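Undergrad: Below are the structure tokens for one structure; questions will follow.
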Amino acid sequence: MTKKLWCILLAWLITAQSAALESQSSEPALLMPLPQQAQSALWSAQILTRYHYRAAPLDDAMSERIFANYVDSLDRERLFFLQSDIERFASARTQLDDAILKQDLSIPFAMFNLQRQRLAERVAQAREFVNQKPVFTLKESYPHSREKAPWAKSEDELRDLWRKRVKNDWLRLKLAGKDEAAIRTTLDKRYENYLTRSARLKSDDVFQLFMNAYSTAMDPHTQYLGPRAAEDFDISMRLSLVGIGAVLQERDEYTTIRELVPGGPAAASGKLKVGDRIIGVGQGAQAPITDVLGWRLDDVVALIRGKTDTTVVLSVLPANAGPDGKPTLISLGRRKINVEAQAARKSIIEARDGTASRRIGVISLPAFYEDFAARRKGDPNYRSATRDVSHLLAQLKKEKVDGILIDLRNNGGGSLSEAVDLTGLFIDEGPVVQQRNARGEVRIERDQQGGLAWAGPLAVLINRGSASASEIFAAAIQDYGRGLVIGETSYGKGTVQTVVDLNEVAKEDRAQLGELKMTIAQFFRINGGTTQLRGVSPDIAFPSTTDPEQFGESSSENALPWTQIKAAEFSPAGQVTTLLPALRARHDARVARDPAFRYLLEDVAEANVQRKNSQVSLNETERRAEIEKQEAKQKLRAGNNPSAAQKALRRDDGLLANERALSADLAEEKEQKKAKDVLLTESAKILSDEIGLLKADTRLAAQVLPAASAMATQTR
């Protein structure tokens, strides 16, 4: 950065802060870059410009893309900066490449510090508006979606936007039945929390934000991972960590226990319960207790985690104690904890077809996980998605299921090798996916294990949140004709990433530089097409519950284009597509008679209409009319079932997640888990239809599922 530009930015920032001091009693200290961050940025640039799948130079053109991404991440909804702020940073548009190459990150930190200052100013205005009773008889509206809105041109324009924001927050609480005093207390605390969270941000947070503005300028899935983010990514892949076995949540400045992991040290002790608050942490029985009241959740978690068989001491304020209650000291031994919430799990759905009843085994897989380190060490019990699914298949076979449904909804992917191995459980050897690197070289990933873990009827359920490895698996099952693909068109991520440890590259032992998750290849189906942008199209489609313009690869501005290569040589494992006309006809006839599915279609259509309207009315009469309309619709749906009617009438309470009582939050979560999964149930019925068709025609069965037919013949 030029000395002149930095002087301008510094003077500008000091002026803005001085002006705000009149309305703010205290200001967070300016955040400044650390030496290792500049080093990490330079190493990242050297790797990205040489080895990324779509390598691009770090020049002025790239700087402009970084600038746009960074400003967007600082103020996505255009709520803090003015147009004049953006114009004053105009010179920085082509300076961010120099900032990285010259290891001087002053510009991005100055931009962040200004955003934090602007946030403080807006919050001060919001708290002023809280003390003024709004008028709800006017014909006004609030633009709740402003990602593509122009920057406010004046202070008055932005102030009016925040007036409407506060008015909307107030109206939501009023419509939920809160009185004026409760509304003021809730909103003042809410806006104060904005400042609290901002004040807790650290230099590492700013750097990660800036580096991801750079990495995502390469492609949507390249990402910088700071040391703590890298650790969390590793945990998500191996599904284990060393700790006490408690799910924690930040609520009202307290680190609160939300859930106890069965069998973990916290649950086994019998001394902790849901709702207890951790206010201090000590390392070992004799170590001093560090007060963690008001700390960031991730900082508290970092203190609680540690090495296996070491002791952590918690100072705990019981759930039923007031703020002045007496805390209790509890010593716990750290142990390896398995994160079962993200592991594969099974269930059975009884699907009735006339007088026939068929058992459909459902395997829900939230991610394609694999403990890479344990596998490299030769641990025979290493954790992986394929191994877990294989065990579940064996159990379901013993339970005499008629078909298997793999639920990959909202499975964002994970290990590529796991996608290949999992496909191998359902095909008898052959290519699964093709990879093309930056040099244009194509490599075919194959299942080399003979035999099938399941040869019978199979279906895969996907939605827009099914991405990457999920798409590889679903596409392979579809291309082989091995099973049905049901649901929505998937995400459309057709790229492969690898993780680069920057410390290993830089041979740096002192400072933690973090990791780079970088796109190195594109994957292609065995039929030669790619899932990039287009995703996997289901054989039987369900209504889309998401907006493809807002979610999915096609919503990313710099996504790689769709392309095609030569198909791999493979032999189909079945011809399930021959059943599609009959299966679609049965599905259409059934859902036409199913009120729950019809309601889903109505809700999806209504949501699509609402998405196009970025404004919400601030007129109380109009809002109440909307609520009454929704309540009438829900009562009509519930019919004569009082319990269903009561659940249907659950209103928007106007609160943010951390503002609700924990007990109410957990009760709501429990109700959601108990709710009927209409799409899963219908998917099981579709698979049951297939089973019925195959049982009625042995010749058709031999054509559609030759492996299963051969096994059945041998058994007879």
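Lettering and numbering for the structure tokens are positional, with chains as A, B, ... in the shown order, residues counted from 1 in each chain, and ligands counted from 1 in the shown order.
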When you look at Asp421 (chain A) with a cut-off of 12 Å (counting only C-alpha atoms), what residues show up, excluding the ones that are within fewer than 2 positions of it in the same chain? I need them as a VMD selection string.
TA: chain A and resid 368 to 370 384 to 390 415 to 419 423 to 433 445 to 450 452 to 453 469 472 to 473 476
Undergrad: Mind checking which residues fall within 8 Å of Asn437 (chain A), counting only C-alpha atoms, ignoring those fewer than 6 positions away in the same chain, and posting them as an mmCIF file with N, CA, C and O atoms, in the first residue's frame?
TA:
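Result file follows (selection-v8.cif):
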data_model
loop_
_atom_site.group_PDB
_atom_site.id
_atom_site.type_symbol
_atom_site.label_atom_id
_atom_site.label_comp_id
_atom_site.auth_asym_id
_atom_site.auth_seq_id
_atom_site.Cartn_x
_atom_site.Cartn_y
_atom_site.Cartn_z
ATOM 1 N N TYR A 53 -7.059 -25.520 -9.612
ATOM 2 C CA TYR A 53 -7.590 -26.086 -10.860
ATOM 3 C C TYR A 53 -7.792 -25.014 -11.923
ATOM 4 O O TYR A 53 -7.582 -25.252 -13.112
ATOM 5 N N ILE A 520 -8.724 -28.746 -6.912
ATOM 6 C CA ILE A 520 -7.611 -29.255 -7.727
ATOM 7 C C ILE A 520 -8.085 -30.048 -8.937
ATOM 8 O O ILE A 520 -7.281 -30.394 -9.809
ATOM 9 N N ALA A 521 -9.374 -30.370 -8.987
ATOM 10 C CA ALA A 521 -9.862 -31.190 -10.099
ATOM 11 C C ALA A 521 -11.369 -31.018 -10.233
ATOM 12 O O ALA A 521 -12.029 -30.432 -9.377
ATOM 13 N N GLN A 522 -11.877 -31.539 -11.353
ATOM 14 C CA GLN A 522 -13.316 -31.566 -11.583
ATOM 15 C C GLN A 522 -13.708 -33.020 -11.768
ATOM 16 O O GLN A 522 -12.962 -33.797 -12.375
#
Undergrad: Determine, using only C-alpha atoms, which residues of region 139-187 of chain A have any atom at most 10 Å from an atom of region 124-131 of chain A, and tabulate each with its shortest atom pair and distance in Å to one decimal place, rows ordered by chain and then rising number, as a Markdown table.
TA:
| residue | atom | partner | partner_atom | distance |
| --- | --- | --- | --- | --- |
| A:Arg159 | CA | A:Gln125 | CA | 7.1 |
| A:Asp160 | CA | A:Gln125 | CA | 9.8 |
| A:Trp162 | CA | A:Ala126 | CA | 6.3 |
| A:Arg163 | CA | A:Phe129 | CA | 6.3 |
| A:Lys164 | CA | A:Phe129 | CA | 9.4 |
| A:Arg165 | CA | A:Ala126 | CA | 8.3 |
| A:Val166 | CA | A:Ala126 | CA | 6.4 |
| A:Lys167 | CA | A:Phe129 | CA | 8.2 |
| A:Asp169 | CA | A:Val130 | CA | 9.8 |
| A:Trp170 | CA | A:Val130 | CA | 8.2 |
| A:Ile183 | CA | A:Val130 | CA | 8.5 |
| A:Arg184 | CA | A:Val130 | CA | 6.0 |
| A:Thr185 | CA | A:Val130 | CA | 8.9 |
| A:Thr186 | CA | A:Val130 | CA | 9.8 |
| A:Leu187 | CA | A:Val130 | CA | 7.0 |
Undergrad: Restricting it to N, CA and C atoms, dump the selection as a PDB file, in the first residue's frame.
TA:
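Okay, this is what ended up in selection-v5.pdb:
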ATOM      1  N   ARG A 159     -30.400   5.854   8.257  1.00  0.00           N
ATOM      2  CA  ARG A 159     -31.091   5.981   9.541  1.00  0.00           C
ATOM      3  C   ARG A 159     -32.560   5.554   9.397  1.00  0.00           C
ATOM      4  N   ASP A 160     -33.181   5.929   8.293  1.00  0.00           N
ATOM      5  CA  ASP A 160     -34.579   5.562   8.077  1.00  0.00           C
ATOM      6  C   ASP A 160     -34.715   4.056   7.865  1.00  0.00           C
ATOM      7  N   TRP A 162     -32.879   1.804   9.311  1.00  0.00           N
ATOM      8  CA  TRP A 162     -32.798   1.196  10.638  1.00  0.00           C
ATOM      9  C   TRP A 162     -34.057   1.479  11.457  1.00  0.00           C
ATOM     10  N   ARG A 163     -34.674   2.619  11.230  1.00  0.00           N
ATOM     11  CA  ARG A 163     -35.958   2.886  11.898  1.00  0.00           C
ATOM     12  C   ARG A 163     -36.971   1.808  11.510  1.00  0.00           C
ATOM     13  N   LYS A 164     -37.010   1.481  10.226  1.00  0.00           N
ATOM     14  CA  LYS A 164     -37.949   0.466   9.751  1.00  0.00           C
ATOM     15  C   LYS A 164     -37.560  -0.927  10.251  1.00  0.00           C
ATOM     16  N   ARG A 165     -36.266  -1.170  10.361  1.00  0.00           N
ATOM     17  CA  ARG A 165     -35.808  -2.467  10.882  1.00  0.00           C
ATOM     18  C   ARG A 165     -36.291  -2.656  12.320  1.00  0.00           C
ATOM     19  N   VAL A 166     -36.104  -1.622  13.140  1.00  0.00           N
ATOM     20  CA  VAL A 166     -36.545  -1.680  14.535  1.00  0.00           C
ATOM     21  C   VAL A 166     -38.060  -1.811  14.597  1.00  0.00           C
ATOM     22  N   LYS A 167     -38.732  -1.090  13.730  1.00  0.00           N
ATOM     23  CA  LYS A 167     -40.196  -1.133  13.702  1.00  0.00           C
ATOM     24  C   LYS A 167     -40.683  -2.545  13.371  1.00  0.00           C
ATOM     25  N   ASP A 169     -38.994  -5.388  13.911  1.00  0.00           N
ATOM     26  CA  ASP A 169     -38.693  -6.229  15.071  1.00  0.00           C
ATOM     27  C   ASP A 169     -39.736  -6.012  16.175  1.00  0.00           C
ATOM     28  N   TRP A 170     -40.110  -4.761  16.398  1.00  0.00           N
ATOM     29  CA  TRP A 170     -41.097  -4.408  17.415  1.00  0.00           C
ATOM     30  C   TRP A 170     -42.457  -5.026  17.069  1.00  0.00           C
ATOM     31  N   ILE A 183     -41.095  -5.623  25.087  1.00  0.00           N
ATOM     32  CA  ILE A 183     -40.529  -5.391  23.753  1.00  0.00           C
ATOM     33  C   ILE A 183     -39.277  -4.531  23.857  1.00  0.00           C
ATOM     34  N   ARG A 184     -39.351  -3.470  24.634  1.00  0.00           N
ATOM     35  CA  ARG A 184     -38.194  -2.575  24.770  1.00  0.00           C
ATOM     36  C   ARG A 184     -37.006  -3.310  25.380  1.00  0.00           C
ATOM     37  N   THR A 185     -37.274  -4.098  26.409  1.00  0.00           N
ATOM     38  CA  THR A 185     -36.197  -4.844  27.063  1.00  0.00           C
ATOM     39  C   THR A 185     -35.551  -5.830  26.095  1.00  0.00           C
ATOM     40  N   THR A 186     -36.384  -6.565  25.360  1.00  0.00           N
ATOM     41  CA  THR A 186     -35.872  -7.573  24.421  1.00  0.00           C
ATOM     42  C   THR A 186     -35.042  -6.941  23.318  1.00  0.00           C
ATOM     43  N   LEU A 187     -35.560  -5.877  22.726  1.00  0.00           N
ATOM     44  CA  LEU A 187     -34.859  -5.272  21.594  1.00  0.00           C
ATOM     45  C   LEU A 187     -33.589  -4.555  22.030  1.00  0.00           C
TER      46      LEU A 187
END
Undergrad: Measuring atom to atom with only C-alpha atoms, identify which of A:Leu317, A:Asp188, A:Ser198, A:Glu87 is nearest to Gln117 (chain A).
TA: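 Of A:Leu317, A:Asp188, A:Ser198, A:Glu87, the one nearest Gln117 (chain A) is A:Ser198, counting only C-alpha atoms.
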Undergrad: May I have the residues within 9 Å of region 136-143 of chain A as number ranges by chain, using only C-alpha atoms and disregarding those fewer than 4 positions away in the same chain?
TA: A: 161, 164-165, 167-168, 171, 613-621
Undergrad: Write a file of the selected residues as a PDB file, in the first residue's frame, keeping C-alpha atoms.
TA:
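Okay, this is what ended up in selection-v5.pdb:
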ATOM      1  CA  LEU A 161     -33.736   2.011   7.031  1.00  0.00           C
ATOM      2  CA  LYS A 164     -37.949   0.466   9.751  1.00  0.00           C
ATOM      3  CA  ARG A 165     -35.808  -2.467  10.882  1.00  0.00           C
ATOM      4  CA  LYS A 167     -40.196  -1.133  13.702  1.00  0.00           C
ATOM      5  CA  ASN A 168     -40.403  -4.575  12.088  1.00  0.00           C
ATOM      6  CA  LEU A 171     -44.156  -5.399  15.370  1.00  0.00           C
ATOM      7  CA  ASN A 613     -41.461 -10.113  -2.544  1.00  0.00           C
ATOM      8  CA  SER A 614     -38.514  -8.538  -0.736  1.00  0.00           C
ATOM      9  CA  GLN A 615     -40.744  -6.198   1.278  1.00  0.00           C
ATOM     10  CA  VAL A 616     -42.680  -6.873   4.469  1.00  0.00           C
ATOM     11  CA  SER A 617     -45.564  -4.654   5.553  1.00  0.00           C
ATOM     12  CA  LEU A 618     -45.141  -2.523   8.679  1.00  0.00           C
ATOM     13  CA  ASN A 619     -48.868  -1.919   8.952  1.00  0.00           C
ATOM     14  CA  GLU A 620     -50.308  -3.792  11.943  1.00  0.00           C
ATOM     15  CA  THR A 621     -53.732  -4.358  10.368  1.00  0.00           C
TER      16      THR A 621
END
Undergrad: Restricting the calculation to only C-alpha atoms: of A:Ala90, A:Ile477, A:Ala287, A:Ile526, which residue gets closest to Thr311 (chain A)?
TA: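 Looking at the shortest contact to Thr311 (chain A), the residue is A:Ala287.
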Undergrad: Which is closer to Ala176 (chain A) than all the others in A:Val604, A:Asp652, A:Asn658, A:Leu272, using only C-alpha atoms?
TA: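 Ranked by minimum distance to Ala176 (chain A), first place goes to A:Asp652.
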Undergrad: Extract, using only C-alpha atoms, all DNA, RNA and protein residues at most 6 Å from Gly494 (chain A), discarding same-chain residues fewer than 3 positions from it, and format them as a list of chain:residue names.
TA: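 Close residues of Gly494 (chain A): A:Gln522, A:Phe523, A:Thr531, A:Gln532.
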Undergrad: I'd like the neighbourhood of Arg534 (chain A) as JSON, numbers by chain, where a residue qualifies if any of its atoms comes within 12 Å (using only C-alpha atoms), though same-chain residues fewer than 6 positions away should be ignored.
TA: {"A": [464, 467, 471, 475, 488, 489, 490, 491, 492, 493, 494, 524, 548, 552, 553, 554, 555, 559, 560, 561, 562, 563, 564]}
Undergrad: Could you work out how far CA of Glu253 (chain A) lies from CA of Leu74 (chain A), giving the answer in Å with one decimal?
TA: 24.1 Å
Undergrad: My list of candidates is A:Val301, A:Ala56, A:Leu579, A:Leu31. Which is closest to Asp219 (chain A) when distances are computed with only C-alpha atoms?
TA: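 Closest to Asp219 (chain A), using only C-alpha atoms: A:Ala56.
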Undergrad: Give me, as a VMD selection string, all polymer residues having an atom no more than 8 Å from Leu96 (chain A), counting only C-alpha atoms and skipping those fewer than 3 positions away in the same chain.
TA: chain A and resid 60 63 to 64 66 to 67 92 to 93 99 to 100 107 to 108
Undergrad: Show which residues sit within 8 Å of region 37-46 of chain A, as a PyMOL selection string. Count only C-alpha atoms, and ignore same-chain residues fewer than 3 positions away.
TA: chain A and resi 33-34+49-50+58+100-101+103-105+207+211+502+506+513-514+516
Undergrad: So that I can check the secondary structure, give me every residue of region 212-313 of chain A assigned alpha helix (DSSP H) by backbone DSSP, as a ChimeraX atom specification.
TA: /A:212-218,227-238,265-269,297-304
